[in-house]
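Below: work_9.txt (compact mmCIF, C-alpha atoms)
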```
# COMPACT_ATOMS: atom_id res chain seq x y z
CA SER A 8 109.98 7.20 12.14
CA SER A 9 110.01 7.03 8.40
CA GLY A 10 111.62 3.62 8.70
CA VAL A 11 114.41 4.09 6.14
CA GLU A 12 116.73 1.22 6.93
CA GLY A 13 119.90 -0.37 5.71
CA PRO A 14 123.23 0.92 4.42
CA LEU A 15 121.58 3.56 2.20
CA MET A 16 120.71 5.73 5.22
CA ASP A 17 123.20 8.57 5.50
CA ALA A 18 123.63 11.18 8.21
CA THR A 19 121.60 13.78 6.32
CA SER A 20 118.66 11.40 5.86
CA LEU A 21 118.74 10.39 9.51
CA THR A 22 118.95 14.03 10.59
CA LEU A 23 115.90 14.89 8.48
CA GLU A 24 114.02 11.87 9.83
CA LEU A 25 114.71 12.78 13.46
CA GLN A 26 113.77 16.41 12.89
CA SER A 27 110.60 15.40 11.07
CA ASP A 28 109.62 12.98 13.85
CA TRP A 29 110.00 15.74 16.44
CA LEU A 30 108.03 18.30 14.43
CA ARG A 31 105.30 15.81 13.52
CA SER A 32 104.70 13.85 16.71
CA SER A 33 106.50 15.25 19.76
CA CYS A 34 104.57 17.38 22.20
CA LEU A 35 107.61 19.68 22.18
CA ARG A 36 106.69 20.76 18.63
CA LYS A 37 104.24 23.31 20.07
CA MET A 38 106.89 25.12 22.12
CA PRO A 39 108.33 28.45 20.93
CA GLY A 40 111.66 27.78 19.20
CA ALA A 41 110.87 24.10 18.65
CA ARG A 42 111.73 24.12 14.95
CA ARG A 43 115.23 25.48 15.60
CA MET A 44 115.83 23.21 18.60
CA ALA A 45 114.67 20.22 16.53
CA ALA A 46 117.08 21.17 13.75
CA SER A 47 119.99 21.58 16.16
CA SER A 48 119.43 18.40 18.15
CA ALA A 49 118.69 16.28 15.07
CA SER A 50 121.79 17.57 13.30
CA LEU A 51 123.90 16.71 16.37
CA PHE A 52 122.57 13.15 16.44
CA GLY A 53 123.04 12.82 12.67
CA SER A 54 126.62 14.01 12.95
CA LEU A 55 127.40 11.65 15.83
CA PHE A 56 125.85 8.81 13.79
CA SER A 57 128.20 9.62 10.95
CA VAL A 58 131.37 10.21 12.96
CA PHE A 59 131.06 7.22 15.31
CA GLU A 60 129.16 4.90 12.93
CA PHE A 61 126.43 4.21 15.47
CA GLN A 62 123.60 1.92 14.46
CA GLN A 63 120.60 3.81 13.12
CA ASP A 64 118.11 2.29 15.55
CA ASN A 65 120.37 3.10 18.49
CA VAL A 66 120.55 6.72 17.37
CA ARG A 67 116.77 6.85 17.05
CA ASN A 68 116.32 5.30 20.51
CA GLN A 69 118.78 7.69 22.14
CA TYR A 70 117.12 10.65 20.42
CA GLU A 71 113.72 9.55 21.73
CA HIS A 72 115.29 9.17 25.18
CA LEU A 73 116.69 12.71 24.98
CA LEU A 74 113.25 14.06 24.05
CA SER A 75 111.68 12.18 26.95
CA LEU A 76 114.21 13.60 29.42
CA TRP A 77 113.79 17.04 27.89
CA ARG A 78 109.97 16.91 28.30
CA SER A 79 110.43 15.91 31.93
CA HIS A 80 112.80 18.80 32.58
CA ILE A 81 110.43 21.26 30.92
CA ALA A 82 107.80 20.22 33.45
CA SER A 83 110.28 20.56 36.32
CA VAL A 84 111.46 24.00 35.21
CA ALA A 85 107.88 25.20 34.73
CA ASP A 86 106.86 23.84 38.16
CA ARG A 87 109.69 25.76 39.82
CA ARG A 88 108.58 28.96 38.11
CA LEU A 89 104.83 28.73 38.51
CA ASP A 90 104.31 32.45 38.76
CA ARG A 91 106.72 33.50 35.99
CA VAL A 92 107.02 30.88 33.25
CA ASP A 93 108.31 32.39 30.02
CA GLU A 94 107.53 29.79 27.36
CA GLN A 95 109.80 31.53 24.87
CA TYR A 96 112.85 30.24 26.77
CA LEU A 97 111.43 27.08 28.32
CA LEU A 98 113.08 24.68 25.86
CA ALA A 99 116.52 26.24 26.38
CA ASP A 100 116.12 26.52 30.16
CA ALA A 101 115.05 22.88 30.42
CA LEU A 102 117.92 21.75 28.18
CA ASP A 103 120.37 23.69 30.36
CA ASP A 104 118.82 22.10 33.47
CA LEU A 105 119.09 18.63 31.90
CA HIS A 106 122.72 19.24 30.90
CA CYS A 107 123.61 20.29 34.45
CA GLU A 108 121.92 17.24 35.94
CA LEU A 109 123.60 14.82 33.54
CA MET A 110 127.04 16.36 34.01
CA GLU A 111 126.86 16.67 37.80
CA GLY A 112 127.81 13.07 38.54
CA PHE A 113 130.55 13.00 35.92
CA LEU A 114 132.09 16.25 37.15
CA ARG A 115 132.06 15.01 40.75
CA TRP A 116 133.69 11.73 39.65
CA ARG A 117 136.33 13.56 37.58
CA GLU A 118 137.15 15.92 40.44
CA GLN A 119 137.72 13.00 42.82
CA PHE A 120 140.05 11.19 40.45
CA GLN A 121 142.04 14.18 39.23
CA GLY A 122 143.86 14.12 42.53
CA TYR A 123 145.25 10.67 41.70
CA GLU A 124 148.09 11.16 39.25
CA SER A 125 148.10 7.46 38.35
CA ALA A 126 144.50 7.79 37.08
CA GLY A 127 145.78 9.93 34.20
CA ILE A 128 142.77 12.23 34.13
CA PRO A 129 143.79 15.63 32.73
CA GLN A 130 142.71 18.91 34.25
CA PRO A 131 139.61 20.30 32.56
CA SER A 132 140.06 22.77 29.76
CA THR A 133 138.21 26.06 29.59
CA SER A 134 137.47 25.53 25.89
CA VAL A 135 134.83 23.17 24.57
CA PRO A 136 136.49 20.30 22.72
CA PRO A 137 135.06 19.06 19.43
CA VAL A 138 132.80 16.03 19.77
CA GLY A 139 134.87 13.50 17.88
CA GLY A 140 134.89 15.67 14.78
CA ALA A 141 131.11 16.05 14.79
CA SER A 142 129.64 19.32 13.65
CA TRP A 143 126.02 20.37 13.89
CA GLU A 144 123.67 23.30 13.67
CA PRO A 145 124.10 25.26 16.90
CA VAL A 146 121.18 26.36 19.02
CA PRO A 147 120.48 30.00 18.15
CA LEU A 148 121.60 32.44 20.82
CA ALA A 149 118.19 34.13 20.72
CA LEU A 150 116.70 30.94 22.22
CA CYS A 151 119.17 30.93 25.11
CA PRO A 152 118.79 34.17 27.06
CA THR A 153 121.12 33.08 29.88
CA ARG A 154 124.09 32.58 27.52
CA SER A 155 126.39 35.41 26.59
CA PRO A 156 127.54 35.87 22.97
CA GLU A 157 130.98 34.52 23.96
CA GLU A 158 129.39 31.19 24.95
CA ALA A 159 127.53 30.74 21.65
```
This structure in structure tokens:
Amino acid sequence: SSGVEGPLMDATSLTLELQSDWLRSSCLRKMPGARRMAASSASLFGSLFSVFEFQQDNVRNQYEHLLSLWRSHIASVADRRLDRVDEQYLLADALDDLHCELMEGFLRWREQFQGYESAGIPQPSTSVPPVGGASWEPVPLALCPTRSPEEA
């Protein structure tokens, strides 16, 4: 961390700090596509910081946690594909795997409670809602071979 603290830190500065930290010290920096994934993930966290007014240190901690989970899933994905690991797509495949794992419990919970009208849980939409007004640099489609152009 560059350690810029206080009210002068804006979303752009935090985004640049997070991206720089990844590209300078994370073991993920050596992976193909790391620079673009770092830009996308850091811009998401910077945007969420701005929109929801999260504390800077909390954003940094959650970003480090994401990178830790991501590293773990890279190892898991690579272990499952011992004979055919394509490093070009490993970051995206591991991120997809992580997303599925994190959402699994929530989706199961939502499905159970949607049957109870009094719970007031709406049916899921087929479109992706905006994240509280946050906008960020998307992950390039070229790094995500399993996604179709319509999903990008």
Show which residues sit within 10 Å of Arg67 in chain A, as a PyMOL selection string. Count all atoms listed in the file, and ignore same-chain residues fewer than 3 positions away. chain A and resi 8+21-22+24-25+28+49+52-53+56+62-64+70-73
Output of the above residues as a compact mmCIF listing (two decimals), in the coordinates of the input, restricted to C-alpha atoms:
```
# COMPACT_ATOMS: atom_id res chain seq x y z
CA SER A 8 109.98 7.20 12.14
CA LEU A 21 118.74 10.39 9.51
CA THR A 22 118.95 14.03 10.59
CA GLU A 24 114.02 11.87 9.83
CA LEU A 25 114.71 12.78 13.46
CA ASP A 28 109.62 12.98 13.85
CA ALA A 49 118.69 16.28 15.07
CA PHE A 52 122.57 13.15 16.44
CA GLY A 53 123.04 12.82 12.67
CA PHE A 56 125.85 8.81 13.79
CA GLN A 62 123.60 1.92 14.46
CA GLN A 63 120.60 3.81 13.12
CA ASP A 64 118.11 2.29 15.55
CA TYR A 70 117.12 10.65 20.42
CA GLU A 71 113.72 9.55 21.73
CA HIS A 72 115.29 9.17 25.18
CA LEU A 73 116.69 12.71 24.98
```
One-decimal distance in Å that lies between CA of Val146 in chain A and CA of Leu51 in chain A: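 Going from CA of Leu51 in chain A over to CA of Val146 in chain A, I get 10.4 Å.
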Need the shell around range 36-43 of chain A: protein/DNA/RNA residues with any atom at most 8 Å away, counting only C-alpha atoms. Skip same-chain ones fewer than 5 positions apart. Format as a PDB file with C-alpha atoms, keeping the file's coordinate frame?
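Below is the file selection_23.pdb, written as the result:
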```
ATOM      1  CA  TRP A  29     110.000  15.740  16.440  1.00  0.00           C
ATOM      2  CA  LEU A  30     108.030  18.300  14.430  1.00  0.00           C
ATOM      3  CA  ARG A  31     105.300  15.810  13.520  1.00  0.00           C
ATOM      4  CA  GLU A  94     107.530  29.790  27.360  1.00  0.00           C
ATOM      5  CA  GLN A  95     109.800  31.530  24.870  1.00  0.00           C
ATOM      6  CA  TYR A  96     112.850  30.240  26.770  1.00  0.00           C
ATOM      7  CA  LEU A  97     111.430  27.080  28.320  1.00  0.00           C
ATOM      8  CA  LEU A  98     113.080  24.680  25.860  1.00  0.00           C
ATOM      9  CA  VAL A 146     121.180  26.360  19.020  1.00  0.00           C
ATOM     10  CA  PRO A 147     120.480  30.000  18.150  1.00  0.00           C
ATOM     11  CA  LEU A 150     116.700  30.940  22.220  1.00  0.00           C
TER      12      LEU A 150
END
```
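Closest approach to Pro145 in chain A among A:Ser20, A:Asn68, A:Ser47, A:Ser79 is made by A:Ser47 (distances from only C-alpha atoms).
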Best match for closeness to Leu74 in chain A among A:Ser57, A:Ser50, A:Gln26, A:Ser33, counting all atoms listed in the file: A:Ser33
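Comparing A:Leu55, A:Val92, A:Met16, A:Ile81 by their smallest distance to Asp104 in chain A, the closest is A:Ile81 (using all atoms listed in the file).
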CA of Gln69 in chain A to CA of Glu108 in chain A, straight-line distance in Å: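 Computing the Euclidean distance for CA of Glu108 in chain A and CA of Gln69 in chain A yields 17.1 Å.
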So which residues are close to (110.5, 17.4, 29.4), meaning at most 10 Å away in the file's coordinates with all atoms listed in the file counted, and can you show them as a list in words?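 Result, sorted by chain then residue number: Cys34, Leu35, Leu73, Leu74, Ser75, Leu76, Trp77, Arg78, Ser79, His80, Ile81, Ala82, Ser83, Val84, Ala85, Leu97, Leu98, Ala101, Leu102 and Leu105 of chain A.
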Prev. selection, C-alpha atoms, output as a PDB file, in the frame of the given file:
```
ATOM      1  CA  CYS A  34     104.570  17.380  22.200  1.00  0.00           C
ATOM      2  CA  LEU A  35     107.610  19.680  22.180  1.00  0.00           C
ATOM      3  CA  LEU A  73     116.690  12.710  24.980  1.00  0.00           C
ATOM      4  CA  LEU A  74     113.250  14.060  24.050  1.00  0.00           C
ATOM      5  CA  SER A  75     111.680  12.180  26.950  1.00  0.00           C
ATOM      6  CA  LEU A  76     114.210  13.600  29.420  1.00  0.00           C
ATOM      7  CA  TRP A  77     113.790  17.040  27.890  1.00  0.00           C
ATOM      8  CA  ARG A  78     109.970  16.910  28.300  1.00  0.00           C
ATOM      9  CA  SER A  79     110.430  15.910  31.930  1.00  0.00           C
ATOM     10  CA  HIS A  80     112.800  18.800  32.580  1.00  0.00           C
ATOM     11  CA  ILE A  81     110.430  21.260  30.920  1.00  0.00           C
ATOM     12  CA  ALA A  82     107.800  20.220  33.450  1.00  0.00           C
ATOM     13  CA  SER A  83     110.280  20.560  36.320  1.00  0.00           C
ATOM     14  CA  VAL A  84     111.460  24.000  35.210  1.00  0.00           C
ATOM     15  CA  ALA A  85     107.880  25.200  34.730  1.00  0.00           C
ATOM     16  CA  LEU A  97     111.430  27.080  28.320  1.00  0.00           C
ATOM     17  CA  LEU A  98     113.080  24.680  25.860  1.00  0.00           C
ATOM     18  CA  ALA A 101     115.050  22.880  30.420  1.00  0.00           C
ATOM     19  CA  LEU A 102     117.920  21.750  28.180  1.00  0.00           C
ATOM     20  CA  LEU A 105     119.090  18.630  31.900  1.00  0.00           C
TER      21      LEU A 105
END
```
So the first atom is CA of Asp103 in chain A and the second is CA of Ala46 in chain A; what is the distance between them in Å, to one decimal place? 17.1 Å
